[in-house]
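Here is the file model_10.pdb (PDB, C-alpha atoms and all ligand atoms).
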```pdb
MODEL        1
ATOM      1  CA  ASN A 315     -38.953   9.205  25.593  1.00  0.00           C
ATOM      2  CA  ASP A 316     -37.392  12.490  24.458  1.00  0.00           C
ATOM      3  CA  GLN A 317     -33.991  11.990  26.045  1.00  0.00           C
ATOM      4  CA  LEU A 318     -33.627   8.595  24.371  1.00  0.00           C
ATOM      5  CA  SER A 319     -34.491   9.974  20.948  1.00  0.00           C
ATOM      6  CA  VAL A 320     -31.827  12.683  21.349  1.00  0.00           C
ATOM      7  CA  ASP A 321     -29.096  10.275  22.483  1.00  0.00           C
ATOM      8  CA  LYS A 322     -30.172   7.349  20.295  1.00  0.00           C
ATOM      9  CA  PRO A 323     -31.771   8.832  17.171  1.00  0.00           C
ATOM     10  CA  LEU A 324     -31.645   5.497  15.304  1.00  0.00           C
ATOM     11  CA  GLN A 325     -33.022   3.373  18.173  1.00  0.00           C
ATOM     12  CA  ASN A 326     -35.979   2.186  16.080  1.00  0.00           C
ATOM     13  CA  THR A 327     -33.983   1.597  12.900  1.00  0.00           C
ATOM     14  CA  SER A 328     -32.574  -1.737  11.756  1.00  0.00           C
ATOM     15  CA  VAL A 329     -29.559  -1.597   9.472  1.00  0.00           C
ATOM     16  CA  ILE A 330     -27.610  -4.150   7.421  1.00  0.00           C
ATOM     17  CA  VAL A 331     -24.093  -3.242   6.334  1.00  0.00           C
ATOM     18  CA  THR A 332     -21.852  -5.300   4.051  1.00  0.00           C
ATOM     19  CA  ALA A 333     -18.105  -4.767   4.409  1.00  0.00           C
ATOM     20  CA  GLY A 334     -14.829  -5.966   2.908  1.00  0.00           C
ATOM     21  CA  GLY A 335     -13.791  -7.611  -0.314  1.00  0.00           C
ATOM     22  CA  THR A 336     -15.425 -10.834  -1.416  1.00  0.00           C
ATOM     23  CA  LYS A 337     -13.444 -14.078  -1.626  1.00  0.00           C
ATOM     24  CA  GLU A 338     -14.356 -16.065  -4.727  1.00  0.00           C
ATOM     25  CA  PRO A 339     -13.131 -19.664  -4.347  1.00  0.00           C
ATOM     26  CA  ILE A 340     -10.850 -21.297  -6.941  1.00  0.00           C
ATOM     27  CA  ASP A 341     -10.181 -24.551  -5.064  1.00  0.00           C
ATOM     28  CA  PRO A 342     -10.299 -25.615  -1.375  1.00  0.00           C
ATOM     29  CA  VAL A 343      -7.304 -23.433  -0.454  1.00  0.00           C
ATOM     30  CA  ARG A 344      -7.396 -20.498  -2.916  1.00  0.00           C
ATOM     31  CA  PHE A 345      -9.626 -17.600  -3.799  1.00  0.00           C
ATOM     32  CA  ILE A 346      -9.784 -14.441  -5.889  1.00  0.00           C
ATOM     33  CA  GLY A 347      -9.861 -11.440  -3.597  1.00  0.00           C
ATOM     34  CA  ASN A 348      -9.300  -7.701  -3.570  1.00  0.00           C
ATOM     35  CA  ASN A 349      -7.679  -5.044  -1.417  1.00  0.00           C
ATOM     36  CA  SER A 350     -10.768  -3.781   0.378  1.00  0.00           C
ATOM     37  CA  SER A 351     -10.037  -3.396   4.094  1.00  0.00           C
ATOM     38  CA  GLY A 352     -13.687  -3.302   5.194  1.00  0.00           C
ATOM     39  CA  LYS A 353     -12.976  -0.058   7.072  1.00  0.00           C
ATOM     40  CA  MET A 354     -15.717   2.010   5.411  1.00  0.00           C
ATOM     41  CA  GLY A 355     -18.422  -0.573   6.106  1.00  0.00           C
ATOM     42  CA  ILE A 356     -17.243  -1.087   9.682  1.00  0.00           C
ATOM     43  CA  ALA A 357     -17.312   2.700  10.234  1.00  0.00           C
ATOM     44  CA  MET A 358     -20.881   2.830   8.863  1.00  0.00           C
ATOM     45  CA  ALA A 359     -21.922  -0.031  11.172  1.00  0.00           C
ATOM     46  CA  GLU A 360     -20.264   1.453  14.278  1.00  0.00           C
ATOM     47  CA  SER A 361     -21.682   4.938  13.707  1.00  0.00           C
ATOM     48  CA  ALA A 362     -25.202   3.479  13.339  1.00  0.00           C
ATOM     49  CA  ALA A 363     -24.718   1.311  16.458  1.00  0.00           C
ATOM     50  CA  LYS A 364     -23.628   4.349  18.522  1.00  0.00           C
ATOM     51  CA  ARG A 365     -26.849   6.063  17.463  1.00  0.00           C
ATOM     52  CA  GLY A 366     -28.879   3.140  18.769  1.00  0.00           C
ATOM     53  CA  ALA A 367     -29.649   1.265  15.541  1.00  0.00           C
ATOM     54  CA  ASP A 368     -30.016  -2.500  15.506  1.00  0.00           C
ATOM     55  CA  VAL A 369     -27.088  -3.341  13.198  1.00  0.00           C
ATOM     56  CA  THR A 370     -26.162  -6.528  11.330  1.00  0.00           C
ATOM     57  CA  LEU A 371     -22.704  -6.419   9.741  1.00  0.00           C
ATOM     58  CA  LEU A 372     -21.995  -8.953   6.976  1.00  0.00           C
ATOM     59  CA  SER A 373     -18.206  -8.879   6.871  1.00  0.00           C
ATOM     60  CA  THR A 374     -15.522 -10.695   4.902  1.00  0.00           C
ATOM     61  CA  VAL A 375     -12.844  -9.346   7.277  1.00  0.00           C
ATOM     62  CA  ASN A 376     -12.328 -10.309  10.913  1.00  0.00           C
ATOM     63  CA  TYR A 377     -14.017  -7.832  13.198  1.00  0.00           C
ATOM     64  CA  THR A 378     -15.117  -8.078  16.835  1.00  0.00           C
ATOM     65  CA  SER A 379     -18.058  -5.908  17.787  1.00  0.00           C
ATOM     66  CA  LYS A 380     -17.821  -3.718  20.894  1.00  0.00           C
ATOM     67  CA  TYR A 381     -21.539  -3.002  20.754  1.00  0.00           C
ATOM     68  CA  GLN A 382     -24.359  -5.163  22.070  1.00  0.00           C
ATOM     69  CA  ASN A 383     -26.586  -3.876  19.201  1.00  0.00           C
ATOM     70  CA  LEU A 384     -24.047  -4.693  16.446  1.00  0.00           C
ATOM     71  CA  GLN A 385     -24.124  -8.326  15.353  1.00  0.00           C
ATOM     72  CA  VAL A 386     -21.424  -9.657  13.003  1.00  0.00           C
ATOM     73  CA  ILE A 387     -22.011 -12.399  10.447  1.00  0.00           C
ATOM     74  CA  ASN A 388     -18.929 -13.640   8.606  1.00  0.00           C
ATOM     75  CA  VAL A 389     -19.352 -13.953   4.843  1.00  0.00           C
ATOM     76  CA  THR A 390     -17.114 -14.966   1.946  1.00  0.00           C
ATOM     77  CA  SER A 391     -18.287 -14.798  -1.669  1.00  0.00           C
ATOM     78  CA  ALA A 392     -20.771 -12.628  -3.545  1.00  0.00           C
ATOM     79  CA  ASN A 393     -23.258 -15.500  -3.660  1.00  0.00           C
ATOM     80  CA  ASP A 394     -22.892 -16.035   0.092  1.00  0.00           C
ATOM     81  CA  ILE A 395     -23.720 -12.343   0.673  1.00  0.00           C
ATOM     82  CA  LEU A 396     -26.646 -12.483  -1.768  1.00  0.00           C
ATOM     83  CA  ASN A 397     -28.137 -15.540  -0.052  1.00  0.00           C
ATOM     84  CA  LYS A 398     -27.893 -13.966   3.402  1.00  0.00           C
ATOM     85  CA  LEU A 399     -29.335 -10.646   2.213  1.00  0.00           C
ATOM     86  CA  GLU A 400     -32.321 -12.393   0.637  1.00  0.00           C
ATOM     87  CA  THR A 401     -33.327 -13.451   4.150  1.00  0.00           C
ATOM     88  CA  LEU A 402     -32.235 -10.319   6.031  1.00  0.00           C
ATOM     89  CA  PHE A 403     -33.266  -7.505   3.689  1.00  0.00           C
ATOM     90  CA  PRO A 404     -37.068  -7.821   4.086  1.00  0.00           C
ATOM     91  CA  GLU A 405     -36.807  -7.480   7.870  1.00  0.00           C
ATOM     92  CA  ASN A 406     -34.525  -4.398   7.910  1.00  0.00           C
ATOM     93  CA  ASP A 407     -34.955  -0.670   7.271  1.00  0.00           C
ATOM     94  CA  VAL A 408     -31.622   0.271   5.716  1.00  0.00           C
ATOM     95  CA  LEU A 409     -29.061  -1.546   3.561  1.00  0.00           C
ATOM     96  CA  ILE A 410     -25.552  -0.141   3.173  1.00  0.00           C
ATOM     97  CA  MET A 411     -23.625  -1.980   0.415  1.00  0.00           C
ATOM     98  CA  ALA A 412     -20.061  -1.028   1.323  1.00  0.00           C
ATOM     99  CA  ALA A 413     -18.581  -4.424   0.377  1.00  0.00           C
ATOM    100  CA  ALA A 414     -16.267  -4.620  -2.619  1.00  0.00           C
ATOM    101  CA  ILE A 415     -18.067  -7.345  -4.537  1.00  0.00           C
ATOM    102  CA  ALA A 416     -15.947  -9.158  -7.133  1.00  0.00           C
ATOM    103  CA  ASP A 417     -17.414  -8.507 -10.570  1.00  0.00           C
ATOM    104  CA  PHE A 418     -16.399 -12.020 -11.682  1.00  0.00           C
ATOM    105  CA  LYS A 419     -15.887 -15.416 -10.035  1.00  0.00           C
ATOM    106  CA  PRO A 420     -14.362 -18.695 -11.293  1.00  0.00           C
ATOM    107  CA  VAL A 421     -16.839 -20.676 -13.431  1.00  0.00           C
ATOM    108  CA  THR A 422     -16.033 -23.830 -11.501  1.00  0.00           C
ATOM    109  CA  VAL A 423     -14.502 -24.503  -8.087  1.00  0.00           C
ATOM    110  CA  ALA A 424     -12.059 -27.432  -8.111  1.00  0.00           C
ATOM    111  CA  ASP A 425     -12.881 -30.153  -5.557  1.00  0.00           C
ATOM    112  CA  GLN A 426      -9.215 -30.754  -4.822  1.00  0.00           C
ATOM    113  CA  LYS A 427      -6.219 -28.428  -4.601  1.00  0.00           C
ATOM    114  CA  ILE A 428      -5.089 -27.624  -8.143  1.00  0.00           C
ATOM    115  CA  LYS A 429      -1.628 -29.064  -8.924  1.00  0.00           C
ATOM    116  CA  LYS A 430       0.919 -27.514 -11.249  1.00  0.00           C
ATOM    117  CA  THR A 431       2.755 -29.762 -13.727  1.00  0.00           C
ATOM    118  CA  ASP A 432       6.318 -29.531 -15.085  1.00  0.00           C
ATOM    119  CA  ASP A 433       5.258 -28.893 -18.698  1.00  0.00           C
ATOM    120  CA  GLN A 434       2.750 -26.152 -17.842  1.00  0.00           C
ATOM    121  CA  PRO A 435       4.096 -22.567 -18.069  1.00  0.00           C
ATOM    122  CA  THR A 436       0.666 -20.858 -17.893  1.00  0.00           C
ATOM    123  CA  TYR A 437      -2.640 -21.523 -16.183  1.00  0.00           C
ATOM    124  CA  SER A 438      -5.993 -19.966 -17.012  1.00  0.00           C
ATOM    125  CA  ILE A 439      -9.070 -19.610 -14.862  1.00  0.00           C
ATOM    126  CA  LYS A 440     -12.302 -18.887 -16.667  1.00  0.00           C
ATOM    127  CA  LEU A 441     -14.477 -16.323 -14.929  1.00  0.00           C
ATOM    128  CA  VAL A 442     -18.191 -15.633 -15.045  1.00  0.00           C
ATOM    129  CA  LYS A 443     -20.005 -12.496 -13.912  1.00  0.00           C
ATOM    130  CA  ASN A 444     -21.292 -12.410 -10.352  1.00  0.00           C
ATOM    131  CA  PRO A 445     -24.901 -11.388  -9.755  1.00  0.00           C
ATOM    132  CA  ASP A 446     -25.363  -7.670  -9.097  1.00  0.00           C
ATOM    133  CA  ILE A 447     -26.340  -7.970  -5.451  1.00  0.00           C
ATOM    134  CA  LEU A 448     -27.456  -4.386  -4.941  1.00  0.00           C
ATOM    135  CA  LYS A 449     -29.591  -4.436  -8.079  1.00  0.00           C
ATOM    136  CA  THR A 450     -31.131  -7.832  -7.263  1.00  0.00           C
ATOM    137  CA  ILE A 451     -31.916  -6.954  -3.653  1.00  0.00           C
ATOM    138  CA  ALA A 452     -33.109  -3.381  -4.272  1.00  0.00           C
ATOM    139  CA  SER A 453     -35.492  -4.565  -6.994  1.00  0.00           C
ATOM    140  CA  ASN A 454     -37.526  -6.116  -4.127  1.00  0.00           C
ATOM    141  CA  LYS A 455     -37.494  -2.898  -2.114  1.00  0.00           C
ATOM    142  CA  THR A 456     -40.631  -2.023  -0.150  1.00  0.00           C
ATOM    143  CA  ASN A 457     -39.842   0.787   2.314  1.00  0.00           C
ATOM    144  CA  GLN A 458     -36.144   0.139   2.763  1.00  0.00           C
ATOM    145  CA  PHE A 459     -33.519   2.822   2.246  1.00  0.00           C
ATOM    146  CA  VAL A 460     -30.716   1.469   0.063  1.00  0.00           C
ATOM    147  CA  VAL A 461     -27.207   2.907  -0.148  1.00  0.00           C
ATOM    148  CA  GLY A 462     -24.515   1.880  -2.606  1.00  0.00           C
ATOM    149  CA  PHE A 463     -20.910   2.927  -2.960  1.00  0.00           C
ATOM    150  CA  ALA A 464     -19.112   3.635  -6.211  1.00  0.00           C
ATOM    151  CA  ALA A 465     -15.358   3.911  -6.549  1.00  0.00           C
ATOM    152  CA  GLU A 466     -14.478   5.786  -9.724  1.00  0.00           C
ATOM    153  CA  THR A 467     -11.294   7.118 -11.289  1.00  0.00           C
ATOM    154  CA  GLU A 468     -13.096   9.328 -13.853  1.00  0.00           C
ATOM    155  CA  ASN A 469     -16.583  10.739 -14.611  1.00  0.00           C
ATOM    156  CA  LEU A 470     -17.474  10.401 -10.919  1.00  0.00           C
ATOM    157  CA  ILE A 471     -20.923  11.993 -10.916  1.00  0.00           C
ATOM    158  CA  PRO A 472     -22.318  10.650 -14.232  1.00  0.00           C
ATOM    159  CA  TYR A 473     -21.171   7.115 -13.393  1.00  0.00           C
ATOM    160  CA  ALA A 474     -22.638   7.401  -9.886  1.00  0.00           C
ATOM    161  CA  GLU A 475     -25.945   8.715 -11.251  1.00  0.00           C
ATOM    162  CA  ARG A 476     -26.099   5.777 -13.626  1.00  0.00           C
ATOM    163  CA  LYS A 477     -25.493   3.336 -10.759  1.00  0.00           C
ATOM    164  CA  LEU A 478     -28.147   5.073  -8.637  1.00  0.00           C
ATOM    165  CA  GLN A 479     -30.708   4.533 -11.352  1.00  0.00           C
ATOM    166  CA  GLN A 480     -29.661   1.084 -12.597  1.00  0.00           C
ATOM    167  CA  LYS A 481     -29.391  -0.386  -9.103  1.00  0.00           C
ATOM    168  CA  ASN A 482     -32.591   1.230  -7.736  1.00  0.00           C
ATOM    169  CA  ALA A 483     -30.615   2.778  -4.856  1.00  0.00           C
ATOM    170  CA  ASP A 484     -31.690   5.818  -2.821  1.00  0.00           C
ATOM    171  CA  VAL A 485     -28.163   7.138  -2.424  1.00  0.00           C
ATOM    172  CA  ILE A 486     -24.809   6.417  -4.012  1.00  0.00           C
ATOM    173  CA  LEU A 487     -21.762   7.478  -2.036  1.00  0.00           C
ATOM    174  CA  ALA A 488     -19.370   8.056  -4.908  1.00  0.00           C
ATOM    175  CA  ASN A 489     -15.724   7.869  -3.976  1.00  0.00           C
ATOM    176  CA  ASP A 490     -13.118   9.645  -6.100  1.00  0.00           C
ATOM    177  CA  VAL A 491     -10.209   7.202  -6.090  1.00  0.00           C
ATOM    178  CA  SER A 492      -8.158   9.000  -8.742  1.00  0.00           C
ATOM    179  CA  LYS A 493      -5.729  10.067  -5.986  1.00  0.00           C
ATOM    180  CA  LYS A 494      -3.971   7.771  -3.535  1.00  0.00           C
ATOM    181  CA  ASP A 495      -5.480   9.352  -0.431  1.00  0.00           C
ATOM    182  CA  ALA A 496      -8.987   7.979  -0.924  1.00  0.00           C
ATOM    183  CA  GLY A 497     -10.520   4.542  -1.204  1.00  0.00           C
ATOM    184  CA  PHE A 498      -9.018   1.105  -0.878  1.00  0.00           C
ATOM    185  CA  ASN A 499      -6.960   0.366   2.213  1.00  0.00           C
ATOM    186  CA  VAL A 500      -6.527   3.962   3.399  1.00  0.00           C
ATOM    187  CA  ASP A 501      -8.321   5.682   6.273  1.00  0.00           C
ATOM    188  CA  THR A 502      -9.773   8.519   4.194  1.00  0.00           C
ATOM    189  CA  ASN A 503     -12.375   8.893   1.443  1.00  0.00           C
ATOM    190  CA  ARG A 504     -13.389  11.695  -0.920  1.00  0.00           C
ATOM    191  CA  ILE A 505     -17.155  11.340  -1.234  1.00  0.00           C
ATOM    192  CA  THR A 506     -19.847  12.895  -3.369  1.00  0.00           C
ATOM    193  CA  LEU A 507     -23.361  12.013  -2.195  1.00  0.00           C
ATOM    194  CA  VAL A 508     -25.582  11.374  -5.204  1.00  0.00           C
ATOM    195  CA  SER A 509     -29.353  11.073  -4.678  1.00  0.00           C
ATOM    196  CA  LYS A 510     -32.489  11.179  -6.798  1.00  0.00           C
ATOM    197  CA  ASP A 511     -33.931  14.486  -5.667  1.00  0.00           C
ATOM    198  CA  GLU A 512     -31.009  16.687  -4.734  1.00  0.00           C
ATOM    199  CA  ASP A 513     -27.912  17.985  -6.488  1.00  0.00           C
ATOM    200  CA  PRO A 514     -24.720  15.985  -5.921  1.00  0.00           C
ATOM    201  CA  ASP A 515     -23.048  17.023  -2.670  1.00  0.00           C
ATOM    202  CA  SER A 516     -19.244  16.846  -2.667  1.00  0.00           C
ATOM    203  CA  TRP A 517     -17.656  16.419   0.753  1.00  0.00           C
ATOM    204  CA  PRO A 518     -14.012  17.237   1.543  1.00  0.00           C
ATOM    205  CA  LEU A 519     -11.392  14.533   2.102  1.00  0.00           C
ATOM    206  CA  MET A 520     -12.517  12.944   5.376  1.00  0.00           C
ATOM    207  CA  SER A 521     -11.756  10.002   7.632  1.00  0.00           C
ATOM    208  CA  LYS A 522     -14.017   7.007   7.016  1.00  0.00           C
ATOM    209  CA  LYS A 523     -15.428   7.523  10.514  1.00  0.00           C
ATOM    210  CA  ASP A 524     -16.374  11.112   9.655  1.00  0.00           C
ATOM    211  CA  VAL A 525     -17.887   9.978   6.333  1.00  0.00           C
ATOM    212  CA  ALA A 526     -20.038   7.506   8.255  1.00  0.00           C
ATOM    213  CA  ASP A 527     -21.132  10.141  10.793  1.00  0.00           C
ATOM    214  CA  LYS A 528     -21.931  12.623   8.022  1.00  0.00           C
ATOM    215  CA  PHE A 529     -23.975  10.000   6.167  1.00  0.00           C
ATOM    216  CA  TRP A 530     -26.046   9.119   9.255  1.00  0.00           C
ATOM    217  CA  ASP A 531     -26.566  12.855   9.968  1.00  0.00           C
ATOM    218  CA  TYR A 532     -27.896  13.146   6.408  1.00  0.00           C
ATOM    219  CA  TYR A 533     -30.132  10.083   6.869  1.00  0.00           C
ATOM    220  CA  GLN A 534     -31.536  11.375  10.176  1.00  0.00           C
ATOM    221  CA  ASN A 535     -32.359  14.715   8.565  1.00  0.00           C
ATOM    222  CA  LEU A 536     -34.448  12.974   5.896  1.00  0.00           C
ATOM    223  CA  ASN A 537     -36.818  11.588   8.518  1.00  0.00           C
TER     224      ASN A 537
HETATM  225  N1  LIG B 601     -22.230  -4.256  -6.188  1.00  0.00           N
HETATM  226  C1  LIG B 601     -23.083  -5.325  -5.997  1.00  0.00           C
HETATM  227  N2  LIG B 601     -22.929  -6.472  -6.729  1.00  0.00           N
HETATM  228  C2  LIG B 601     -21.956  -6.551  -7.677  1.00  0.00           C
HETATM  229  C3  LIG B 601     -21.100  -5.455  -7.895  1.00  0.00           C
HETATM  230  C4  LIG B 601     -21.257  -4.320  -7.125  1.00  0.00           C
HETATM  231  O1  LIG B 601     -23.964  -5.249  -5.142  1.00  0.00           O
HETATM  232  N3  LIG B 601     -21.837  -7.678  -8.393  1.00  0.00           N
HETATM  233  C5  LIG B 601     -22.452  -3.043  -5.389  1.00  0.00           C
HETATM  234  C6  LIG B 601     -21.262  -2.588  -4.574  1.00  0.00           C
HETATM  235  O2  LIG B 601     -21.294  -3.130  -3.272  1.00  0.00           O
HETATM  236  C7  LIG B 601     -21.448  -1.067  -4.542  1.00  0.00           C
HETATM  237  C8  LIG B 601     -22.145  -0.764  -5.851  1.00  0.00           C
HETATM  238  O3  LIG B 601     -22.736  -1.991  -6.300  1.00  0.00           O
HETATM  239  O4  LIG B 601     -22.306  -0.667  -3.499  1.00  0.00           O
HETATM  240  C9  LIG B 601     -21.252  -0.241  -6.927  1.00  0.00           C
HETATM  241  O5  LIG B 601     -20.152  -1.102  -7.120  1.00  0.00           O
HETATM  242  P1  LIG B 601     -19.122  -0.809  -8.286  1.00  0.00           P
HETATM  243  O6  LIG B 601     -18.096  -1.872  -8.319  1.00  0.00           O
HETATM  244  O7  LIG B 601     -18.697   0.628  -8.177  1.00  0.00           O
HETATM  245  O8  LIG B 601     -20.100  -0.896  -9.554  1.00  0.00           O
HETATM  246  P2  LIG B 601     -20.350  -1.983 -10.657  1.00  0.00           P
HETATM  247  O9  LIG B 601     -21.821  -2.036 -10.876  1.00  0.00           O
HETATM  248  O10 LIG B 601     -19.682  -3.276 -10.328  1.00  0.00           O
HETATM  249  O11 LIG B 601     -19.707  -1.333 -11.955  1.00  0.00           O
HETATM  250  P3  LIG B 601     -18.151  -1.147 -12.364  1.00  0.00           P
HETATM  251  O12 LIG B 601     -17.293  -1.924 -11.392  1.00  0.00           O
HETATM  252  O13 LIG B 601     -18.086  -1.669 -13.758  1.00  0.00           O
HETATM  253  O14 LIG B 601     -17.912   0.343 -12.257  1.00  0.00           O
HETATM  254 CA    CA B 602     -17.477  -3.524  -9.772  1.00  0.00          CA
ENDMDL
END
```

Can the structure from this file be put into C-alpha cells for me?
Ligand code: CTP
Ligand code: CA
Amino acid sequence: NDQLSVDKPLQNTSVIVTAGGTKEPIDPVRFIGNNSSGKMGIAMAESAAKRGADVTLLSTVNYTSKYQNLQVINVTSANDILNKLETLFPENDVLIMAAAIADFKPVTVADQKIKKTDDQPTYSIKLVKNPDILKTIASNKTNQFVVGFAAETENLIPYAERKLQQKNADVILANDVSKKDAGFNVDTNRITLVSKDEDPDSWPLMSKKDVADKFWDYYQNLN
C-alpha cells in the first residue's frame, strides 16, 4: 500500500553488502589483513534495512544486527566471499562491494603453525593475486545493480571510471583518501559517485552513515 512504500521504499529490494577487510590465511593462527573497519559497508546495510530492504551482510568484522531484515554472514578470505556470492548474487537485486579485498594472498597455507629458527633472520611469504570478485560476479549480471568502491590517492575520477568499466559495475563510489579524514578506519568519507550515464558527482566530506543514506536516495531516484 501507499503508506508502506513511503516508509519502506526498498521493501521489495534484496541487497547483499560485503564489509571489512579480508583475512588471508598464512597458517592456522595467522593471516594477512588490512585496516578496514567495515563501517562503510555496515552503514550501507543498515540504511537499506531501515528502508525495508531484505539485506544480507557478508562481514569480516564482528557485527550484531538490530534489524530483523538484516542477516549477517561471517566471512574471512576473498575466496570465501567469492564462493558465498556465487550462490547469493543470482537471487538478489543489488550488490554493494564495500569490503576491502586483499589484492594478494599466500600461495600456500601451512598446515601447522610456522616455527622460526635460530639461524633465520628473514622470512618470505610468496603471494598470488586474488580473484577480482566484483569483476567475476558482475560478469554474470542479469538485472542486478552492482556498486563498487574505489579508494584512491590520485587521479580519482579516471581511475574510478576505469574500474567502473573493467568491473562491469553500475556505480563506483570513489573515495579520495589523499587526506587523513576520509577512508580507512575513520567515520567520514569524501565520495565522488561515478556512473555510466551521468557526470561524476562529488559529495562533500560526510559521515559514512550520510554517505549510505545519500547513495540509497540516489538509487531510489533511479527507479
Ligand atoms: N575488489 C574485488 N576483488 C578484488 C579487489 C577489489 O571485488 N580482488 C572490489 C572492491 O571490493 C571494490 C572495488 O573492487 O569494490 C575496487 O577495489 P580497489 O582495491 O579500489 O581496486 P582494484 O581493482 O583492487 O585496483 P587497485 O587496488 O590496484 O587500485
Ligand atoms: Ca585493491

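Nearest residue to Val421 (chain A), choosing from A:Ala357, A:Asp433, A:Thr390, A:Asp341 and counting only C-alpha atoms: A:Asp341.
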
For this session: Write out as a PyMOL selection string the residues lying within 6 Å of Lys337 (chain A), counting all atoms listed in the file and excluding same-chain residues fewer than 5 positions away.
Result: chain A and resi 345-347+390-391

For this session: Write as an MDAnalysis selection string the residues around ligand CA 602 (chain B), taking 7 Å as the cut-off and counting all atoms listed in the file.
Result: chainID A and resid 415:417

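For the file at hand, the PyMOL selection byres (((chain A and resi 520) around 10) and not hetatm) resolves to Asp495, Ala496, Asp501, Thr502, Asn503, Arg504, Ile505, Trp517, Pro518, Leu519, Ser521, Lys522, Lys523, Asp524, Val525, Ala526 and Lys528 of chain A.
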
For this session: Can you pull out every residue within 6 Å of Thr506 (chain A), counting all atoms listed in the file, but drop anything in the same chain fewer than 6 positions away, and send it as a list in words?
Result: Leu487, Ala488, Asp515, Ser516 and Trp517 of chain A

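The result of the PyMOL selection byres (((not hetatm)) within 8 of (chain B and resi 601)) on the shown file is Thr332, Ala392, Ile410, Met411, Ala412, Ala413, Ala414, Ile415, Ala416, Asp417, Phe418, Lys443, Asn444, Pro445, Asp446, Ile447, Leu448, Lys449, Thr450, Val461, Gly462, Phe463, Ala464, Ala465, Glu466, Tyr473, Lys477, Lys481 and Ile486 of chain A.
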
Under the PyMOL selection byres (((chain A and resi 317-327) around 10) and not hetatm), which residues of this model are included? Write them out as a compact mmCIF listing (two decimals) with C-alpha atoms, keeping the file's coordinate frame.
```txt
# COMPACT_ATOMS: atom_id res chain seq x y z
CA ASN A 315 -38.95 9.20 25.59
CA ASP A 316 -37.39 12.49 24.46
CA SER A 328 -32.57 -1.74 11.76
CA VAL A 329 -29.56 -1.60 9.47
CA ALA A 362 -25.20 3.48 13.34
CA ALA A 363 -24.72 1.31 16.46
CA LYS A 364 -23.63 4.35 18.52
CA ARG A 365 -26.85 6.06 17.46
CA GLY A 366 -28.88 3.14 18.77
CA ALA A 367 -29.65 1.26 15.54
CA ASP A 368 -30.02 -2.50 15.51
CA VAL A 369 -27.09 -3.34 13.20
CA ASN A 383 -26.59 -3.88 19.20
CA ASN A 406 -34.52 -4.40 7.91
CA ASP A 407 -34.96 -0.67 7.27
CA VAL A 408 -31.62 0.27 5.72
CA TRP A 530 -26.05 9.12 9.26
CA ASP A 531 -26.57 12.86 9.97
CA TYR A 533 -30.13 10.08 6.87
CA GLN A 534 -31.54 11.38 10.18
```

For this session: Take the point (-36.7, -10.8, 1.5) as written in the file and pick out every residue within 12 Å of it, counting all atoms listed in the file; give the list as number ranges by chain.
Result: A: 396-407, 450-456, 458

Write a file of the just-selected residues containing C-alpha atoms, as a PDB file, keeping the file's coordinate frame.
```
ATOM      1  CA  LEU A 396     -26.646 -12.483  -1.768  1.00  0.00           C
ATOM      2  CA  ASN A 397     -28.137 -15.540  -0.052  1.00  0.00           C
ATOM      3  CA  LYS A 398     -27.893 -13.966   3.402  1.00  0.00           C
ATOM      4  CA  LEU A 399     -29.335 -10.646   2.213  1.00  0.00           C
ATOM      5  CA  GLU A 400     -32.321 -12.393   0.637  1.00  0.00           C
ATOM      6  CA  THR A 401     -33.327 -13.451   4.150  1.00  0.00           C
ATOM      7  CA  LEU A 402     -32.235 -10.319   6.031  1.00  0.00           C
ATOM      8  CA  PHE A 403     -33.266  -7.505   3.689  1.00  0.00           C
ATOM      9  CA  PRO A 404     -37.068  -7.821   4.086  1.00  0.00           C
ATOM     10  CA  GLU A 405     -36.807  -7.480   7.870  1.00  0.00           C
ATOM     11  CA  ASN A 406     -34.525  -4.398   7.910  1.00  0.00           C
ATOM     12  CA  ASP A 407     -34.955  -0.670   7.271  1.00  0.00           C
ATOM     13  CA  THR A 450     -31.131  -7.832  -7.263  1.00  0.00           C
ATOM     14  CA  ILE A 451     -31.916  -6.954  -3.653  1.00  0.00           C
ATOM     15  CA  ALA A 452     -33.109  -3.381  -4.272  1.00  0.00           C
ATOM     16  CA  SER A 453     -35.492  -4.565  -6.994  1.00  0.00           C
ATOM     17  CA  ASN A 454     -37.526  -6.116  -4.127  1.00  0.00           C
ATOM     18  CA  LYS A 455     -37.494  -2.898  -2.114  1.00  0.00           C
ATOM     19  CA  THR A 456     -40.631  -2.023  -0.150  1.00  0.00           C
ATOM     20  CA  GLN A 458     -36.144   0.139   2.763  1.00  0.00           C
TER      21      GLN A 458
END
```

For this session: Would you please work out which residue, of A:Arg344, A:Ile395, A:Leu478, A:Pro420, is nearest to Val460 (chain A) when using only C-alpha atoms?
Result: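 Among the listed residues, A:Leu478 lies closest to Val460 (chain A).
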
For this session: Determine the nearest neighbour of Gln480 (chain A) from the options A:Val343, A:Lys510, A:Leu409, A:Tyr377, counting all atoms listed in the file.
Result: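 Answer, going by the shortest atom-to-atom distance: A:Lys510.
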
Box time for region 443-462 of chain A: axis-aligned, enclosing all its listed atoms, 3 Å extra on each side; report centre and edge lengths in Å to one decimal, as lines of an AutoDock Vina configuration file.
```
center_x = -30.3
center_y = -4.8
center_z = -5.6
size_x = 26.6
size_y = 21.4
size_z = 22.7
```

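Taking CA of Gly335 (chain A) and CA of Thr467 (chain A) as the two end points, the separation is 18.5 Å.
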
For this session: Work out how far CA of Ile387 (chain A) is from CA of Ala359 (chain A), in Å to one decimal.
Result: 12.4 Å

Problem set entry | Point-to-point distance from CA of Pro339 (chain A) to CA of Val423 (chain A), Å rounded to tenths | 6.3 Å

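Closest approach to Tyr381 (chain A) among A:Glu360, A:Leu470, A:Glu512, A:Asn393 is made by A:Glu360 (distances from only C-alpha atoms).
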
Exercise. Closest to Pro514 (chain A) among A:Ala483, A:Val491, A:Ala474, A:Met358, using all atoms listed in the file?
Worked result: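 Smallest separation from Pro514 (chain A) among the options: A:Ala474.
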
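Checking A:Ala333, A:Asp513, A:Thr378, A:Glu338 one by one against Val442 (chain A), counting only C-alpha atoms, you find the shortest gap at A:Glu338.
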